[in-house]
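Student: To start, I am sharing the structure in question, which I have written as structure tokens.
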Amino acid sequence: MALQDVIRWLLPREDVFYGLIERQSELLEQAARALADFARGVSAEKVRETVQELEHQADAIVYEIEEQLARVFVTPIDREDIQLLAASIDDIVDLINLTGRTFELYAVPEPSPPMIELMNILVVMAELLKAELPALRRHEYAKLIAVGRVIKQHEKEADRIFRNAVGQLFHDPAIDAKVLLRDKEVLEDLEKAIDKCETVAERLKNLAVKHG
């Protein structure tokens with residue numbers, strides 16, 4: 001038995017954190033899917049309402065994690081790592097919520113093709129995180145490293161789509177200035193959410209290196 005396994009066996013640890021973080025990833029996937037519903041004819045108002053409710057649920061989990069950290073003596077991984085991971089996942093949900101609010105606030109009639117591509121990538125990344133986060137509980141660190149690499153590739157593709165889309169906006173002589181600013185802000189919100197997915201993947205990879 002490896003030394004780390006012995007330590008895990010000797011010290012009782014509160015595993016509630018794994019469940020809470022996995023629940024965060026479930027809400028993240030639901031929020032990403034709800035946002036992508038805008039491309040399937042769901043109104044901006046309905047999208048915003050659905051995503052906002054999921055964001056409230058995600059916030060409640062963050063509060064629960066903070067309360068647990070304050071009273072649990074021994075945690076399964078370092079307290080700072082739990083807090084940073086939970087905060088990073090919450091950041092993605094917050095940015096998805098911000099995008100939904102932007103759809104409604106700026107009266108976006110329908111998403112542009114680049115917006116749809118970015119929303120689809122965001123859904124894929126959220127699905128990957130949801131599927132692979134339980135590997136942290138099982139100490140399957142090779143899986144966390146592998147999913148980090150996959151998410152990195154998706155982030156690169158999203159970055160390419162984002163840059164091309166913004167470039168096209170500014171090179172279109174016929175575009176209305178308000179439309180340009182509106183679409184640029186939506187694209188930026190989506191790109192930031194995707195970047196945060198990569199941040200979560202990097203935190204998982206760091207945990208894998210630290211504990212593997």
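Following the order of the structure tokens, first chain is A, next is B, and so on, with residues numbered from 1 inside each chain and ligands from 1 in the order they appear.
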Give me, as a Markdown table, the closest atom pair and its distance (Å, one decimal) for every residue of segment 94-142 of chain A within a cut-off of 12 Å of segment 149-160 of chain A, counting only C-alpha atoms, rows sorted by chain and rising number.
Tutor:
```
| residue | atom | partner | partner_atom | distance |
| --- | --- | --- | --- | --- |
| A:Pro114 | CA | A:Ala158 | CA | 9.3 |
| A:Met115 | CA | A:Ala158 | CA | 10.1 |
| A:Ile116 | CA | A:Ala158 | CA | 11.0 |
| A:Glu117 | CA | A:Ala158 | CA | 8.0 |
| A:Leu118 | CA | A:Ala158 | CA | 6.1 |
| A:Met119 | CA | A:Ala158 | CA | 9.5 |
| A:Asn120 | CA | A:Ala158 | CA | 9.8 |
| A:Ile121 | CA | A:His154 | CA | 6.8 |
| A:Leu122 | CA | A:His154 | CA | 8.7 |
| A:Val123 | CA | A:His154 | CA | 10.8 |
| A:Val124 | CA | A:His154 | CA | 8.5 |
| A:Met125 | CA | A:Ile151 | CA | 6.2 |
| A:Ala126 | CA | A:Ile151 | CA | 9.5 |
| A:Glu127 | CA | A:Ile151 | CA | 10.5 |
| A:Leu128 | CA | A:Ile151 | CA | 7.8 |
| A:Leu129 | CA | A:Ile151 | CA | 8.8 |
| A:Glu132 | CA | A:Ile151 | CA | 11.4 |
| A:Ala142 | CA | A:Arg149 | CA | 11.0 |
```
Student: Find the residue from A:Ile92, A:Leu105, A:Leu69, A:Val51 that sits nearest to Thr199 of chain A; use only C-alpha atoms when measuring.
Tutor: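 Closest to Thr199 of chain A of all the choices is A:Ile92.
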Student: Counting only C-alpha atoms, which of A:Glu140, A:Glu67, A:Glu80, A:Glu55 gets nearest to Arg203 of chain A?
Tutor: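 The shortest atom-to-atom distance to Arg203 of chain A comes from A:Glu80.
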Student: Using only C-alpha atoms, which of A:Pro111, A:Phe170, A:Phe17, A:Ala58 sits nearest Asp78 of chain A?
Tutor: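 The shortest atom-to-atom distance to Asp78 of chain A comes from A:Phe17.
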Student: Which of segment 53-191 of chain A counts as alpha helix (DSSP H) under DSSP, as a PyMOL selection string please?
Tutor: chain A and resi 53-71+79-105+113-132+134-137+141-171+177-191
Student: When you count only C-alpha atoms, which of these residues is closest to Glu26 of chain A: A:Pro134, A:Pro109, A:Gly100, A:Gly41?
Tutor: A:Pro134
Student: Can you pull out every residue within 8 Å of Lys205 of chain A, counting only C-alpha atoms, but drop anything in the same chain fewer than 4 positions away, and send it as a compact mmCIF listing (two decimals) with N, CA and C atoms, in the first residue's frame?
Tutor:
```
# COMPACT_ATOMS: atom_id res chain seq x y z
N TYR A 141 -6.48 9.86 -11.22
CA TYR A 141 -5.87 11.12 -11.63
C TYR A 141 -5.49 11.15 -13.11
N LEU A 144 -8.21 12.75 -15.02
CA LEU A 144 -8.28 14.20 -14.89
C LEU A 144 -7.27 14.88 -15.82
N ILE A 145 -6.10 14.30 -15.94
CA ILE A 145 -5.10 14.85 -16.85
C ILE A 145 -5.57 14.73 -18.29
N GLY A 148 -8.29 17.21 -19.14
CA GLY A 148 -7.71 18.54 -19.26
C GLY A 148 -7.15 18.80 -20.65
N ALA A 201 -10.32 22.77 -15.70
CA ALA A 201 -9.54 21.62 -16.16
C ALA A 201 -8.10 21.70 -15.66
N VAL A 209 -1.58 16.00 -10.36
CA VAL A 209 -0.13 15.99 -10.17
C VAL A 209 0.22 16.02 -8.68
```
Student: Hey, which of A:Val74, A:Leu35, A:Val62, A:Ile89 ends up closest to Val47 of chain A? Count only C-alpha atoms.
Tutor: A:Leu35
Student: Could you tell me how far atom CA of Asp183 of chain A lies from atom CA of Glu110 of chain A, in Å and to one decimal?
Tutor: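 It comes out at 10.5 Å.
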Student: Nearest residue to Asn164 of chain A out of A:Lys196, A:Lys184, A:Ile65, A:Arg23, using only C-alpha atoms?
Tutor: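 Looking at the shortest contact to Asn164 of chain A, the residue is A:Lys184.
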Student: Hey, can you check how far atom CA of Ala70 of chain A sits from atom CA of Lys130 of chain A?
Tutor: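 It comes out at 25.9 Å.
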